[in-house]
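> Input entry32.txt, format and content: compact mmCIF, C-alpha atoms and all ligand atoms.
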# COMPACT_ATOMS: atom_id res chain seq x y z
CA MET A 1188 -10.74 53.74 12.32
CA ILE A 1189 -12.48 57.12 12.49
CA PRO A 1190 -15.39 57.23 9.99
CA GLY A 1191 -14.49 59.35 6.96
CA ALA A 1192 -10.79 59.46 7.91
CA ASP A 1193 -9.80 57.55 4.77
CA GLU A 1194 -11.89 59.72 2.49
CA TYR A 1195 -10.15 62.86 3.81
CA ASP A 1196 -6.76 61.25 4.17
CA ILE A 1197 -6.62 61.83 7.91
CA ASP A 1198 -4.00 59.71 9.65
CA LEU A 1199 -3.67 60.61 13.30
CA SER A 1200 -2.51 57.22 14.57
CA ILE A 1201 -3.99 57.52 18.04
CA PRO A 1202 -2.54 54.71 20.18
CA GLU A 1203 -5.09 52.49 21.97
CA GLU A 1204 -2.98 52.84 25.14
CA ALA A 1205 -3.45 56.62 25.10
CA ILE A 1206 -7.22 56.12 24.89
CA ASP A 1207 -7.07 53.61 27.75
CA ARG A 1208 -5.07 56.01 29.90
CA LEU A 1209 -7.60 58.76 29.33
CA LEU A 1210 -10.44 56.44 30.27
CA ASP A 1211 -8.92 56.17 33.75
CA VAL A 1212 -8.84 59.94 34.36
CA THR A 1213 -11.09 61.29 37.11
CA PRO A 1214 -11.68 64.87 38.31
CA ASN A 1215 -9.23 64.17 41.16
CA ASP A 1216 -6.41 63.76 38.66
CA VAL A 1217 -6.49 67.29 37.28
CA ASP A 1218 -5.76 70.74 38.71
CA ALA A 1219 -8.22 73.59 38.82
CA ALA A 1220 -7.26 76.59 36.68
CA ASP A 1221 -5.88 79.70 38.38
CA ALA A 1222 -7.94 82.16 36.32
CA LEU A 1223 -11.08 82.28 34.23
CA THR A 1224 -11.64 84.13 30.98
CA PHE A 1225 -14.54 85.02 28.72
CA SER A 1226 -15.10 86.99 25.55
CA ARG A 1227 -17.77 89.67 25.15
CA ASN A 1228 -19.47 88.97 21.85
CA VAL A 1229 -22.37 89.72 19.61
CA PHE A 1230 -23.87 86.68 17.89
CA ILE A 1231 -24.62 87.14 14.19
CA PRO A 1232 -26.55 84.21 12.70
CA LEU A 1233 -25.97 84.92 9.00
CA THR A 1234 -28.32 82.26 7.68
CA THR A 1235 -30.67 79.61 9.06
CA ALA A 1236 -30.20 77.45 5.96
CA CYS A 1237 -28.11 74.31 6.50
CA ARG A 1238 -27.10 71.37 4.37
CA TYR A 1239 -27.28 69.04 7.39
CA THR A 1240 -30.07 67.98 9.73
CA CYS A 1241 -28.42 67.12 13.05
CA THR A 1242 -31.19 65.70 15.20
CA TYR A 1243 -30.18 67.72 18.30
CA CYS A 1244 -30.41 71.05 16.50
CA THR A 1245 -33.26 73.60 16.47
CA TYR A 1246 -31.23 76.21 14.66
CA TYR A 1247 -31.82 75.38 11.02
CA ASP A 1248 -34.90 76.10 8.89
CA VAL A 1249 -36.07 73.81 6.09
CA PRO A 1250 -35.70 74.86 2.44
CA GLY A 1251 -38.29 77.49 1.55
CA GLU A 1252 -38.26 78.96 5.06
CA ALA A 1253 -34.65 79.92 5.59
CA THR A 1254 -33.47 83.48 6.10
CA LEU A 1255 -30.32 85.44 5.30
CA MET A 1256 -29.32 88.57 7.21
CA SER A 1257 -28.80 91.63 5.02
CA PRO A 1258 -25.61 93.71 5.10
CA ALA A 1259 -27.59 96.49 6.82
CA GLU A 1260 -28.80 94.09 9.52
CA ILE A 1261 -25.27 92.79 10.04
CA ARG A 1262 -23.94 96.32 10.38
CA GLU A 1263 -26.68 97.28 12.83
CA GLU A 1264 -25.99 94.23 15.05
CA CYS A 1265 -22.27 94.97 14.98
CA ARG A 1266 -22.90 98.57 15.97
CA ILE A 1267 -25.10 97.51 18.89
CA GLY A 1268 -22.41 95.06 19.97
CA ALA A 1269 -19.54 97.52 19.72
CA ASP A 1270 -21.59 100.11 21.64
CA ALA A 1271 -22.12 97.54 24.40
CA GLY A 1272 -18.36 97.04 24.68
CA CYS A 1273 -18.17 93.73 22.79
CA THR A 1274 -14.93 92.82 21.04
CA GLU A 1275 -16.08 89.76 19.08
CA ALA A 1276 -18.51 89.31 16.20
CA LEU A 1277 -19.45 85.61 16.36
CA PHE A 1278 -20.58 84.41 12.93
CA THR A 1279 -22.10 81.00 13.55
CA PHE A 1280 -24.75 79.70 11.20
CA GLY A 1281 -26.03 76.79 9.11
CA ASP A 1282 -23.45 74.72 7.27
CA ASP A 1283 -22.98 75.74 3.62
CA PRO A 1284 -26.61 75.83 2.36
CA ASP A 1285 -27.04 73.30 -0.45
CA ASP A 1286 -28.91 73.71 -3.72
CA ARG A 1287 -32.30 73.01 -2.16
CA TYR A 1288 -32.23 76.49 -0.61
CA THR A 1289 -33.10 78.41 -3.76
CA GLU A 1290 -34.29 81.37 -1.65
CA ILE A 1291 -30.81 81.74 -0.15
CA HIS A 1292 -28.95 81.35 -3.42
CA ASP A 1293 -31.30 83.84 -5.12
CA GLN A 1294 -30.83 86.35 -2.31
CA LEU A 1295 -27.05 85.92 -2.35
CA ALA A 1296 -27.05 86.45 -6.11
CA GLU A 1297 -29.16 89.60 -5.74
CA TRP A 1298 -26.55 90.95 -3.32
CA GLY A 1299 -23.80 90.02 -5.77
CA HIS A 1300 -22.50 86.80 -4.21
CA ASP A 1301 -22.01 83.27 -5.50
CA SER A 1302 -21.55 81.56 -2.18
CA ILE A 1303 -22.12 81.93 1.53
CA HIS A 1304 -18.36 82.20 1.99
CA GLU A 1305 -18.10 85.14 -0.34
CA TYR A 1306 -20.86 86.78 1.69
CA LEU A 1307 -19.21 85.84 4.99
CA ARG A 1308 -16.14 87.72 3.82
CA GLU A 1309 -18.23 90.85 3.34
CA ALA A 1310 -19.86 90.31 6.75
CA CYS A 1311 -16.43 90.05 8.43
CA GLU A 1312 -15.32 93.24 6.71
CA ILE A 1313 -18.42 95.00 8.05
CA ALA A 1314 -17.61 93.75 11.56
CA LEU A 1315 -14.02 95.05 11.30
CA GLU A 1316 -15.29 98.42 10.07
CA GLU A 1317 -17.67 98.64 13.01
CA GLY A 1318 -14.92 97.87 15.51
CA LEU A 1319 -15.32 94.14 16.19
CA LEU A 1320 -13.01 91.17 15.67
CA PRO A 1321 -14.67 88.40 13.62
CA HIS A 1322 -14.74 84.82 14.90
CA SER A 1323 -16.46 82.64 12.30
CA ASN A 1324 -17.83 79.14 12.76
CA PRO A 1325 -19.58 78.36 9.48
CA GLY A 1326 -19.31 74.59 10.07
CA ASP A 1327 -17.27 72.42 7.72
CA GLN A 1328 -15.02 74.23 5.28
CA THR A 1329 -12.79 73.12 2.46
CA ARG A 1330 -9.33 74.59 2.40
CA GLU A 1331 -10.42 76.91 -0.44
CA GLN A 1332 -13.48 78.14 1.46
CA MET A 1333 -11.48 78.80 4.60
CA ALA A 1334 -8.77 80.60 2.64
CA GLU A 1335 -11.45 82.92 1.29
CA VAL A 1336 -12.20 84.28 4.78
CA ALA A 1337 -9.10 83.48 6.88
CA ASP A 1338 -7.51 86.88 6.40
CA VAL A 1339 -10.55 88.75 7.76
CA ASN A 1340 -10.95 86.60 10.89
CA ALA A 1341 -9.26 86.99 14.26
CA SER A 1342 -9.92 83.29 14.89
CA MET A 1343 -12.28 80.63 13.61
CA GLY A 1344 -13.85 77.41 14.84
CA VAL A 1345 -15.84 74.27 14.29
CA MET A 1346 -16.97 71.74 16.85
CA LEU A 1347 -15.56 68.30 16.09
CA GLU A 1348 -18.66 67.04 17.99
CA THR A 1349 -17.38 63.44 18.03
CA THR A 1350 -15.23 61.04 16.05
CA ALA A 1351 -18.00 58.43 16.36
CA ASP A 1352 -20.63 57.57 13.80
CA VAL A 1353 -23.70 58.55 15.83
CA ARG A 1354 -27.37 58.34 14.91
CA ALA A 1355 -27.74 62.06 15.62
CA HIS A 1356 -25.74 62.60 12.42
CA SER A 1357 -27.57 59.99 10.38
CA GLY A 1358 -29.41 60.46 7.11
CA GLY A 1359 -28.21 61.26 3.62
CA ARG A 1360 -26.77 64.64 4.48
CA ARG A 1361 -24.75 64.52 7.63
CA LYS A 1362 -21.68 65.55 9.54
CA ASN A 1363 -18.77 63.23 8.85
CA PRO A 1364 -15.97 63.01 11.45
CA GLY A 1365 -13.29 62.83 8.73
CA GLN A 1366 -14.62 66.02 7.17
CA ARG A 1367 -14.71 67.78 10.56
CA LEU A 1368 -11.09 66.77 11.23
CA ASN A 1369 -10.19 67.96 7.75
CA THR A 1370 -11.68 71.39 8.61
CA ILE A 1371 -9.55 71.55 11.75
CA ARG A 1372 -6.51 70.53 9.73
CA ASN A 1373 -7.26 73.20 7.11
CA ALA A 1374 -7.16 75.82 9.88
CA GLY A 1375 -3.76 74.52 10.97
CA GLU A 1376 -2.40 74.68 7.43
CA LEU A 1377 -3.71 78.22 7.02
CA GLY A 1378 -2.41 79.36 10.42
CA VAL A 1379 -5.80 80.26 11.86
CA PRO A 1380 -6.12 80.29 15.69
CA PHE A 1381 -8.88 77.76 16.18
CA THR A 1382 -11.68 76.76 18.51
CA THR A 1383 -13.10 73.26 18.50
CA GLY A 1384 -14.73 70.91 20.92
CA ILE A 1385 -16.85 67.90 21.69
CA LEU A 1386 -20.60 67.67 22.08
CA VAL A 1387 -21.39 65.34 24.98
CA GLY A 1388 -24.54 63.21 25.02
CA ILE A 1389 -25.33 62.64 21.34
CA GLY A 1390 -24.88 58.88 21.44
CA GLU A 1391 -21.11 58.63 21.81
CA ASP A 1392 -19.49 56.55 24.54
CA TRP A 1393 -16.49 57.24 26.79
CA ARG A 1394 -14.05 55.70 24.36
CA ASP A 1395 -15.38 57.98 21.62
CA ARG A 1396 -14.92 61.01 23.88
CA ALA A 1397 -11.33 60.01 24.62
CA GLU A 1398 -10.62 59.38 20.93
CA SER A 1399 -12.18 62.74 19.94
CA LEU A 1400 -10.04 64.66 22.44
CA LEU A 1401 -6.88 62.83 21.36
CA ALA A 1402 -7.67 63.55 17.70
CA ILE A 1403 -7.86 67.25 18.53
CA ARG A 1404 -4.59 66.99 20.43
CA ALA A 1405 -2.88 65.26 17.53
CA LEU A 1406 -3.86 68.05 15.12
CA HIS A 1407 -2.80 70.72 17.62
CA GLU A 1408 0.56 69.02 18.06
CA ARG A 1409 1.06 69.27 14.33
CA TYR A 1410 0.04 72.92 13.85
CA ASP A 1411 -0.01 74.59 17.29
CA HIS A 1412 -3.27 76.31 16.35
CA VAL A 1413 -5.95 75.06 18.77
CA GLN A 1414 -6.61 77.83 21.26
CA GLU A 1415 -9.48 76.24 23.13
CA VAL A 1416 -11.59 73.09 23.31
CA ILE A 1417 -15.25 73.41 24.23
CA VAL A 1418 -16.78 70.61 26.28
CA GLN A 1419 -20.44 71.19 25.54
CA ASN A 1420 -23.33 69.12 26.83
CA VAL A 1421 -26.28 68.57 24.55
CA VAL A 1422 -29.44 70.26 25.81
CA PRO A 1423 -33.01 69.15 25.12
CA ASN A 1424 -35.21 71.39 23.00
CA GLU A 1425 -38.52 71.27 21.15
CA ARG A 1426 -37.07 69.28 18.27
CA SER A 1427 -35.26 66.62 20.26
CA ASN A 1428 -35.35 64.82 23.56
CA PHE A 1429 -31.69 64.04 24.11
CA GLU A 1430 -31.12 63.51 27.77
CA GLN A 1431 -28.84 66.20 29.16
CA PRO A 1432 -25.66 64.58 30.55
CA ASP A 1433 -25.57 64.81 34.35
CA VAL A 1434 -23.02 66.72 36.38
CA ALA A 1435 -20.87 63.64 37.09
CA THR A 1436 -20.61 62.92 33.36
CA MET A 1437 -19.64 66.50 32.58
CA ARG A 1438 -17.08 66.54 35.41
CA ARG A 1439 -15.42 63.46 34.00
CA ALA A 1440 -15.58 64.75 30.41
CA VAL A 1441 -14.00 68.09 31.40
CA ALA A 1442 -11.28 66.34 33.41
CA MET A 1443 -10.60 64.10 30.42
CA ALA A 1444 -10.25 67.15 28.17
CA ARG A 1445 -7.87 68.79 30.65
CA ALA A 1446 -5.76 65.65 30.87
CA ALA A 1447 -5.77 65.05 27.11
CA LEU A 1448 -4.73 68.54 26.04
CA PRO A 1449 -1.46 70.40 26.51
CA GLU A 1450 -1.47 73.16 29.09
CA GLU A 1451 -1.64 76.02 26.58
CA VAL A 1452 -4.98 74.84 25.17
CA SER A 1453 -7.92 76.22 27.15
CA VAL A 1454 -10.90 74.13 28.21
CA GLN A 1455 -14.18 75.98 27.80
CA VAL A 1456 -17.69 75.30 29.06
CA PRO A 1457 -20.61 77.50 28.04
CA PRO A 1458 -22.16 78.96 31.19
CA ASN A 1459 -25.67 79.09 29.71
CA LEU A 1460 -25.78 75.35 28.96
CA SER A 1461 -23.51 73.81 31.59
CA PRO A 1462 -23.40 73.75 35.38
CA ALA A 1463 -20.18 75.80 35.16
CA ARG A 1464 -19.84 76.24 38.93
CA GLU A 1465 -19.58 72.50 39.39
CA LEU A 1466 -17.04 72.03 36.61
CA LEU A 1467 -14.42 74.63 37.50
CA ASP A 1468 -12.33 72.34 39.70
CA CYS A 1469 -12.08 69.87 36.78
CA GLY A 1470 -9.86 72.20 34.78
CA VAL A 1471 -12.17 74.69 33.05
CA ASP A 1472 -10.38 77.97 32.42
CA ASP A 1473 -12.71 79.70 29.95
CA LEU A 1474 -16.40 80.50 29.75
CA GLY A 1475 -16.43 81.31 26.05
CA GLY A 1476 -18.30 84.00 24.27
CA VAL A 1477 -20.99 85.62 26.38
CA SER A 1478 -23.23 88.23 24.88
CA PRO A 1479 -24.67 91.23 26.67
CA VAL A 1480 -26.82 92.04 23.62
CA THR A 1481 -27.88 88.92 21.70
CA ASP A 1482 -29.35 85.49 22.41
CA ASP A 1483 -27.51 82.21 21.90
CA TYR A 1484 -29.37 81.64 18.64
CA ILE A 1485 -28.35 77.98 18.57
CA ASN A 1486 -29.91 77.31 21.96
CA PRO A 1487 -32.33 80.22 22.38
CA ASP A 1488 -34.11 78.65 25.37
CA TYR A 1489 -30.88 78.99 27.36
CA GLU A 1490 -30.20 82.57 28.36
CA TRP A 1491 -26.74 83.99 28.89
CA PRO A 1492 -25.93 84.72 32.49
CA ALA A 1493 -25.40 88.40 33.21
CA LEU A 1494 -21.73 89.31 33.00
CA ARG A 1495 -21.90 90.04 36.71
CA GLU A 1496 -22.83 86.43 37.35
CA LEU A 1497 -19.60 85.31 35.68
CA GLY A 1498 -17.81 87.38 38.30
CA ASP A 1499 -19.71 85.52 41.02
CA ILE A 1500 -18.78 82.15 39.51
CA ALA A 1501 -15.11 83.13 39.51
CA ASP A 1502 -15.32 84.53 43.05
CA GLU A 1503 -16.82 81.32 44.32
CA ALA A 1504 -13.92 79.40 42.80
CA GLY A 1505 -11.50 81.96 44.27
CA VAL A 1506 -9.94 82.87 40.90
CA PRO A 1507 -9.79 86.14 38.97
CA LEU A 1508 -12.00 86.67 35.92
CA TYR A 1509 -10.50 88.31 32.85
CA GLU A 1510 -12.11 89.44 29.67
CA ARG A 1511 -10.21 88.24 26.59
CA LEU A 1512 -10.34 88.80 22.84
CA PRO A 1513 -11.64 86.07 20.47
CA THR A 1514 -7.98 85.41 19.72
CA TYR A 1515 -6.12 84.01 22.70
CA ASP A 1516 -3.14 85.85 24.12
CA ARG A 1517 -0.45 83.69 22.65
CA TYR A 1518 -1.62 84.33 19.09
CA LEU A 1519 -1.73 88.08 19.49
CA SER A 1520 0.89 90.35 18.08
CA SER A 1521 1.34 93.74 16.45
CA GLY A 1522 0.19 96.79 18.41
CA LEU A 1523 -0.77 94.70 21.39
CA ARG A 1524 2.84 93.82 21.88
CA ARG A 1525 4.10 97.31 21.22
CA GLU A 1526 1.88 98.50 24.04
CA GLY A 1527 3.69 96.28 26.46
CA PHE A 1528 1.75 93.11 25.95
CA ASP A 1529 4.13 90.24 26.52
CA GLY A 1530 2.24 87.28 25.05
CA ARG A 1531 4.31 84.79 23.16
CA VAL A 1532 3.99 85.16 19.42
CA ALA A 1533 3.98 81.81 17.73
CA ASP A 1534 5.53 81.34 14.31
CA ALA A 1535 2.75 81.30 11.78
CA PRO A 1536 2.99 78.36 9.41
CA ASP A 1537 1.82 80.53 6.53
CA ALA A 1538 3.99 83.58 5.99
CA ASP A 1539 1.18 85.66 4.49
CA ARG A 1540 -0.61 85.94 7.80
CA GLY A 1541 1.50 88.91 8.70
CA ASP A 1542 3.06 89.52 12.09
CA GLY A 1543 2.37 86.30 13.98
CA TRP A 1544 -1.04 84.72 13.60
CA LEU A 1545 -3.18 87.80 13.15
CA PRO A 1546 -3.79 88.69 9.51
CA PRO A 1547 -2.90 92.26 8.47
CA ALA A 1548 -6.55 93.45 8.28
CA VAL A 1549 -7.12 92.31 11.85
CA CYS A 1550 -3.78 93.76 13.03
CA GLU A 1551 -4.78 97.10 11.55
CA ARG A 1552 -8.05 96.96 13.47
CA VAL A 1553 -6.43 96.29 16.84
CA ASP A 1554 -3.66 98.81 16.12
CA ALA A 1555 -6.06 101.56 15.08
CA ASP A 1556 -5.68 104.84 16.83
CA ASP A 1557 -9.37 105.03 17.75
CA ALA A 1558 -11.68 104.11 20.61
CA HIS A 1559 -12.14 100.52 19.38
CA GLY A 1560 -8.39 99.97 19.06
CA ALA A 1561 -7.91 101.31 22.57
CA ARG A 1562 -10.60 98.94 23.84
CA PHE A 1563 -8.95 95.89 22.22
CA ARG A 1564 -5.57 96.80 23.64
CA SER A 1565 -7.01 97.35 27.07
CA VAL A 1566 -8.70 93.91 27.05
CA ALA A 1567 -5.49 92.27 25.80
CA ARG A 1568 -3.49 93.91 28.58
CA ARG A 1569 -6.05 92.72 31.14
CA ASP A 1570 -6.19 96.29 32.39
CA GLY A 1571 -7.61 97.02 35.78
CA PRO A 1572 -10.84 95.64 37.20
CA LEU A 1573 -13.33 94.12 34.84
CA SER A 1574 -15.78 96.77 33.78
CA VAL A 1575 -19.23 95.27 33.61
CA PRO A 1576 -21.85 97.56 32.09
CA GLU A 1577 -25.06 97.85 34.12
O1 LIG A 1601 -22.92 81.11 21.87
C1 LIG A 1601 -22.29 80.14 21.47
N1 LIG A 1601 -21.02 80.30 21.13
C2 LIG A 1601 -20.33 79.30 20.58
N2 LIG A 1601 -19.05 79.52 20.15
C3 LIG A 1601 -18.43 80.81 20.44
C4 LIG A 1601 -17.30 80.75 21.44
O2 LIG A 1601 -17.79 80.62 22.72
C5 LIG A 1601 -16.40 82.00 21.29
O3 LIG A 1601 -16.68 82.61 20.07
C6 LIG A 1601 -14.95 81.58 21.26
O4 LIG A 1601 -14.58 81.26 22.56
C7 LIG A 1601 -14.01 82.70 20.76
O5 LIG A 1601 -14.03 83.79 21.62
C8 LIG A 1601 -18.41 78.59 19.37
C9 LIG A 1601 -17.25 78.95 18.69
C10 LIG A 1601 -16.66 78.02 17.89
O6 LIG A 1601 -15.59 78.37 17.21
C11 LIG A 1601 -17.18 76.73 17.76
C12 LIG A 1601 -18.33 76.39 18.43
C13 LIG A 1601 -18.96 77.31 19.23
C14 LIG A 1601 -20.18 77.00 19.85
C15 LIG A 1601 -20.90 78.02 20.42
C16 LIG A 1601 -22.26 77.87 20.88
O7 LIG A 1601 -22.87 76.80 20.78
N3 LIG A 1601 -22.91 78.94 21.38
C1 LIG A 1602 -22.32 75.47 17.42
C2 LIG A 1602 -22.53 74.17 18.06
O1 LIG A 1602 -23.75 74.14 18.76
C3 LIG A 1602 -23.91 72.81 19.16
N1 LIG A 1602 -25.32 72.47 19.31
C4 LIG A 1602 -26.28 72.36 18.38
N2 LIG A 1602 -27.43 71.93 18.96
C5 LIG A 1602 -27.18 71.77 20.29
C6 LIG A 1602 -27.95 71.35 21.41
N3 LIG A 1602 -29.23 70.98 21.31
N4 LIG A 1602 -27.35 71.31 22.60
C7 LIG A 1602 -26.05 71.68 22.75
N5 LIG A 1602 -25.28 72.08 21.73
C8 LIG A 1602 -25.84 72.12 20.51
C9 LIG A 1602 -23.14 71.95 18.14
O2 LIG A 1602 -22.04 71.39 18.81
C10 LIG A 1602 -22.67 72.97 17.14
O3 LIG A 1602 -21.43 72.65 16.55
C1 LIG A 1603 -25.42 76.51 14.08
S1 LIG A 1603 -24.46 75.09 14.38
C2 LIG A 1603 -22.83 75.77 14.21
C3 LIG A 1603 -22.28 75.92 12.85
C4 LIG A 1603 -22.36 74.73 11.93
N1 LIG A 1603 -23.65 74.62 11.36
C5 LIG A 1603 -21.97 73.47 12.66
O1 LIG A 1603 -22.78 72.75 13.15
O2 LIG A 1603 -20.79 73.26 12.78
S1 LIG A 1604 -25.81 71.85 14.32
FE1 LIG A 1604 -25.07 73.15 12.64
S2 LIG A 1604 -24.78 71.60 10.99
FE2 LIG A 1604 -26.14 70.63 12.47
S3 LIG A 1604 -28.18 71.07 11.70
FE3 LIG A 1604 -27.64 72.64 13.22
S4 LIG A 1604 -26.90 74.31 11.97
FE4 LIG A 1604 -26.81 72.50 10.72
Could you quickly redo this structure as structure tokens?


Amino acid sequence: MIPGADEYDIDLSIPEEAIDRLLDVTPNDVDAADALTFSRNVFIPLTTACRYTCTYCTYYDVPGEATLMSPAEIREECRIGADAGCTEALFTFGDDPDDRYTEIHDQLAEWGHDSIHEYLREACEIALEEGLLPHSNPGDQTREQMAEVADVNASMGVMLETTADVRAHSGGRRKNPGQRLNTIRNAGELGVPFTTGILVGIGEDWRDRAESLLAIRALHERYDHVQEVIVQNVVPNERSNFEQPDVATMRRAVAMARAALPEEVSVQVPPNLSPARELLDCGVDDLGGVSPVTDDYINPDYEWPALRELGDIADEAGVPLYERLPTYDRYLSSGLRREGFDGRVADAPDADRGDGWLPPAVCERVDADDAHGARFRSVARRDGPLSVPE
């Protein structure tokens, strides 16, 4: 039984035989992808306050020391990103700051907001105004919280991390696998194209990895909303001394993900944390969000490769590299299709998400008759050679 599954009424009935089958998968059992993609993003860490204290994480600040970006700072970062040709504003930050963070709640109140989600909505609106498509990963969300921001996001995400009860998530305030799965389910119910994934090396075993991947598959089978699954290795940092999983472990974990998930779901590894070159033949087909202008604020010791280096990685594997939007092709619709884009448009489970899966505010942004709109449509059409700014 997955911890917390009862509490959140999660019944995925994952057969033991399916787990056993996955445990036998090796890199030889899967095919390499025939193309690689990435998204050009600007990372906007709204707040460093977090209700949890995951032991692998250096991102969060303790109460009294946490910060909140101002609307002006958000706008400035978005502008820098859009000028550098980015299409995605990645809002990833501490999980719903609790009451101990009086500095954050006071600051939110001063700016006229009751909650981080209300503020996230404003932040996403700023990103859209500045010509970027928001992808928010604010951690766990209730259905109500997610509904508050779903219609201003091109896609959203949360890492499942693992279905196991690991020490890395111990303590009074901690990630709960049932709650994570509930967040992924909420996205399905709201028709939000979603990114999730597993964190490898935080104390889980191979069975846990198999179970985690099958749990993601089960939710995707129900809602058709998982666009990509990140297989991320933990990296050591000044707060923690987790041992980084070796290449053989990551090869097997990626192959397992590829075998567990239906073909349409991408498998992503982050090229700043993982030995991407050595994982491509295990089924990786996406390198995630890569930023030409900001750090990976979650793992700031690990620099993004230059966009040109992604080209080299793809060349070495003998596959083309394409830039993509934060929303994967099959969830795109509206103007992108009118311009000759032939991606399949899935039926959105919630009718109020407009034409396909993109909410109206996001459709308007990609349809807009301006330079940003043209840029989005060109990326979606995979126009011409990849233009990499010097
Ligand atoms: O720079 C990062 N981007 C992360 N991303 C961004 C991701 O690479 C892209 O935003 C998506 O591929 C959408 O384009 C995440 C997105 C999610 O929805 C969930 C988890 C992550 C994790 C990271 C991460 O650790 N570092
Ligand atoms: C956004 C995601 O970043 C990941 N994350 C947090 N800390 C680390 C680390 N030390 N190494 C690798 N990934 C990490 C978690 O999986 C979180 O969900
Ligand atoms: C900065 S970590 C990423 C977002 C969120 N705090 C989570 O762990 O899911
Ligand atoms: S990984 Fe996310 S939830 Fe965990 S402590 Fe860091 S910011 Fe908070």

> Go through A:Glu1398, A:Glu1490, A:Glu1503, A:Glu1317 one by one, measure the shortest atom-to-atom distance of each to ligand LIG 1601 (chain A) using all atoms listed in the file, and give the residue with the smallest value.

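Checking each of A:Glu1398, A:Glu1490, A:Glu1503, A:Glu1317 against ligand LIG 1601 (chain A), counting all atoms listed in the file, the winner is A:Glu1490.
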
> Pick out the closest residue to ligand LIG 1603 (chain A) from this set: A:Ile1500, A:Leu1315, A:Leu1277, A:Ala1463. Count all atoms listed in the file.

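Ranked by minimum distance to ligand LIG 1603 (chain A), first place goes to A:Leu1277.
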
> Write out, as JSON lines, each residue of chain A that has an atom at most 7 Å from ligand LIG 1602 (chain A), together with the closest pair of atoms and their distance in Å to one decimal, counting only C-alpha atoms and all ligand atoms, rows going by chain and rising number.


{"residue": "A:Tyr1243", "atom": "CA", "partner": "A:LIG1602", "partner_atom": "N3", "distance": 4.5}
{"residue": "A:Cys1244", "atom": "CA", "partner": "A:LIG1602", "partner_atom": "N2", "distance": 4.0}
{"residue": "A:Thr1245", "atom": "CA", "partner": "A:LIG1602", "partner_atom": "N2", "distance": 6.6}
{"residue": "A:Thr1279", "atom": "CA", "partner": "A:LIG1602", "partner_atom": "C1", "distance": 6.8}
{"residue": "A:Val1345", "atom": "CA", "partner": "A:LIG1602", "partner_atom": "O3", "distance": 6.2}
{"residue": "A:Met1346", "atom": "CA", "partner": "A:LIG1602", "partner_atom": "O3", "distance": 4.6}
{"residue": "A:Glu1348", "atom": "CA", "partner": "A:LIG1602", "partner_atom": "O2", "distance": 5.6}
{"residue": "A:Ile1385", "atom": "CA", "partner": "A:LIG1602", "partner_atom": "O2", "distance": 6.9}
{"residue": "A:Leu1386", "atom": "CA", "partner": "A:LIG1602", "partner_atom": "O2", "distance": 5.2}
{"residue": "A:Gln1419", "atom": "CA", "partner": "A:LIG1602", "partner_atom": "N5", "distance": 6.2}
{"residue": "A:Asn1420", "atom": "CA", "partner": "A:LIG1602", "partner_atom": "C7", "distance": 5.5}
{"residue": "A:Val1421", "atom": "CA", "partner": "A:LIG1602", "partner_atom": "N4", "distance": 3.5}
{"residue": "A:Val1422", "atom": "CA", "partner": "A:LIG1602", "partner_atom": "N4", "distance": 4.0}
{"residue": "A:Pro1423", "atom": "CA", "partner": "A:LIG1602", "partner_atom": "N3", "distance": 5.7}
{"residue": "A:Asn1424", "atom": "CA", "partner": "A:LIG1602", "partner_atom": "N3", "distance": 6.2}
{"residue": "A:Ile1485", "atom": "CA", "partner": "A:LIG1602", "partner_atom": "C4", "distance": 6.0}
{"residue": "A:Asn1486", "atom": "CA", "partner": "A:LIG1602", "partner_atom": "C6", "distance": 6.3}

> Report as JSON lines: every residue of chain A with an atom at most 6 Å from ligand LIG 1604 (chain A), its closest pair of atoms, and their distance in Å to one decimal, counting all atoms listed in the file, with rows sorted by chain and ascending residue number.


{"residue": "A:Cys1237", "atom": "CA", "partner": "A:LIG1604", "partner_atom": "FE4", "distance": 4.8}
{"residue": "A:Tyr1239", "atom": "CA", "partner": "A:LIG1604", "partner_atom": "FE4", "distance": 4.8}
{"residue": "A:Thr1240", "atom": "CA", "partner": "A:LIG1604", "partner_atom": "S3", "distance": 4.1}
{"residue": "A:Cys1241", "atom": "CA", "partner": "A:LIG1604", "partner_atom": "S3", "distance": 4.2}
{"residue": "A:Cys1244", "atom": "CA", "partner": "A:LIG1604", "partner_atom": "FE3", "distance": 4.6}
{"residue": "A:Tyr1246", "atom": "CA", "partner": "A:LIG1604", "partner_atom": "FE3", "distance": 5.3}
{"residue": "A:Tyr1247", "atom": "CA", "partner": "A:LIG1604", "partner_atom": "S4", "distance": 5.1}
{"residue": "A:Phe1280", "atom": "CA", "partner": "A:LIG1604", "partner_atom": "S4", "distance": 5.9}
{"residue": "A:Gly1281", "atom": "CA", "partner": "A:LIG1604", "partner_atom": "S4", "distance": 3.9}
{"residue": "A:Asp1282", "atom": "CA", "partner": "A:LIG1604", "partner_atom": "S2", "distance": 5.0}

> May I have a table of the residues of chain A lying at most 6 Å from ligand LIG 1601 (chain A), giving each one's closest pair of atoms and their distance in Å to one decimal, counting all atoms listed in the file, ordered by chain and ascending residue number, as a tab-separated table?


residue	atom	partner	partner_atom	distance
A:Ser1226	CA	A:LIG1601	O5	5.2
A:Leu1277	CA	A:LIG1601	O3	5.5
A:His1322	CA	A:LIG1601	O3	5.9
A:Asn1324	CA	A:LIG1601	O6	5.0
A:Met1343	CA	A:LIG1601	O6	5.4
A:Gly1344	CA	A:LIG1601	O6	3.1
A:Val1345	CA	A:LIG1601	C11	4.5
A:Met1346	CA	A:LIG1601	C11	5.1
A:Thr1382	CA	A:LIG1601	O6	4.4
A:Thr1383	CA	A:LIG1601	C11	5.4
A:Gly1475	CA	A:LIG1601	O2	3.7
A:Gly1476	CA	A:LIG1601	O2	3.8
A:Asp1483	CA	A:LIG1601	O1	4.7
A:Pro1513	CA	A:LIG1601	O5	3.5
